[in-house]
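Right, one structure below, let's go through it.
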Amino acid sequence: MDVLAEDRGDCLILKPVGRLDTTGSNQLAETFRAECHEPHSGVIVDMSEVAYLSSAGLRVVLTMHKALRARHGTVVLVGANPFCRQVLEMTGMAHAFPQCPSLEQALALCERAARERFALEHWEDLERWQAECGSFRLLVSCPDRTAVWVLGRVKDVLCAAAGPAQLHSKRFSETEYSIGLGGLGDRLQDYFPVMGEMITIGGTMVWLPTDGNDTPDFLIPQVDTGGVTLRTVFNVSLAGQFNEVMLFESCEEKGTSLTTLYRTLFQFARENRPAFRGVLGLALRGEMGAVYGSGVTRSPIKDLAPANGEMITDPSNFAEWFEVDTTPRYQQVTGLLCGVGVDLTSDLSSFDQAVFNDVFYLHPANIGGKTELLHTHGVFFSPLPMPERTASLEEEIKRVVEEGDFMDMRHLLDKCTVTSAVLGVCYIQEFERDADLAGS
């Protein structure tokens, strides 16, 4: 075996060529020790020329990964052939370290690891700003273009007009951060009549079946094989890396409302981010002061449409089709939230209006002299303390999912409050139709 090494500054690319058996693994380990230095926050193992992979090779890669994690870095595999992927899955190692389909994606992941490492090592020097509602610390910045991908039309939901023709299947990895309406199951009759509010957060999918039991269900994929997919008639996904990751601490005793949090982020973006066009995508891991939920109680499909022909949000149908919390459903819990918000005072004409209008709607329980429209879902767990320092929203979400005690999932009212959070913010540049409708 030959092992080629390429230094990319914060990232080291190692390309084994040949068999990654015991002998080849020793060569890979020697090259890693000789070429990987303190500045490297990421190591990419390019597997495109590896014909054979054994447990000895896996042990070396895992050792490398542990060494990088000790300094807040990562090892990424890229380009593994079908045999090597099967070995990873068979040995249970497929989720032990990140895998990417392309070198470009692996480099982007390593660049993010480098930014997170820098934030942790320069914690006291990070940019901070104070708002009326609380303090913000800017952890990570990324200039990538971000978009909202929209599958389906919100009008089909509001008019209870969804049929099998509007139903699509999406892989978990395609909807890492998304909100919408859907379910899980193999047969149409198992999920279509009970579809409900849903969220995917860091790849975990949670939905609230409209079967009358008011009990959410969830699935945490360790490996996205494509064999199990989420079924949806309406899905809104954040596409691209978070432009900024921030740490937020509310100065309000009961926490800051989602309305105020979005408004504060809008104001910050208007003053400091020239690329801001009036729309934010938001994901967070936070401590919730109070949770107010709302959501559909029936699957909005043609067979269950209101007899009066009006939308389900019409006053004549709203009470029958929606639940609304008038008092907090939960207080002092840990939440994972995902949403999209639009600043109605901005010029929004440059967006594709047809796609834009398929994301937002006037929720009757949220109307009242507003300068914004928000669409947010959340998953809740028993309280799990925030870490003293973190720069990775993904790692925090993973920790909550793995260690937290699951409680509930809801569509959220804007008056929910947040006391502290790690925020991932996207400055949305485009609204686009989700073109990948495979597996319907």
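Ligands are numbered from 1 in the order shown, residues from 1 within each chain, and chains are lettered A, B, ... in the order they appear in the structure tokens.
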Close residues, Trp207 in chain A itself excluded, 9 Å, only C-alpha atoms, min 3 positions apart in chain, as JSON, numbers by chain: {"A": [181, 182, 183, 184, 195, 196, 197, 198, 199, 200, 215, 216, 217, 218, 409, 410]}
Residues near Asn235 in chain A, cut-off 7 Å, only C-alpha atoms, skip fewer than 6 positions along chain, as a PyMOL selection string: chain A and resi 150-152+178-181
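You will find CA of Cys159 in chain A at 10.9 Å from CA of Asn317 in chain A.
Distances to Gln267 in chain A were evaluated for A:Val76, A:Val148, A:Leu336, A:Glu132 using only C-alpha atoms, and the minimum falls at A:Glu132.
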For Tyr292 in chain A: contacts at 7 Å, only C-alpha atoms, fewer than 6 positions along chain excluded, given as a list in words: Asp325, Thr327, Pro328, Arg329, Leu412, Leu413, Lys415 and Cys416 of chain A
Spatial neighbours of Phe248 in chain A, 9 Å, only C-alpha atoms, chain gap at least 2 places, as a PyMOL selection string: chain A and resi 134-137+246+250+286+419-423
Residues within 9 Å of Ala113 in chain A, only C-alpha atoms, excluding chain neighbours under 4 positions, as a ChimeraX atom specification: /A:41-42,72-74,108-109,117-118,392
Members of range 41-275 of chain A assigned helix (DSSP H, G or I) by DSSP, as a PyMOL selection string: chain A and resi 55-69+82-90+103-121+123-125+154-158+164-166+172-174+188-194+258-272
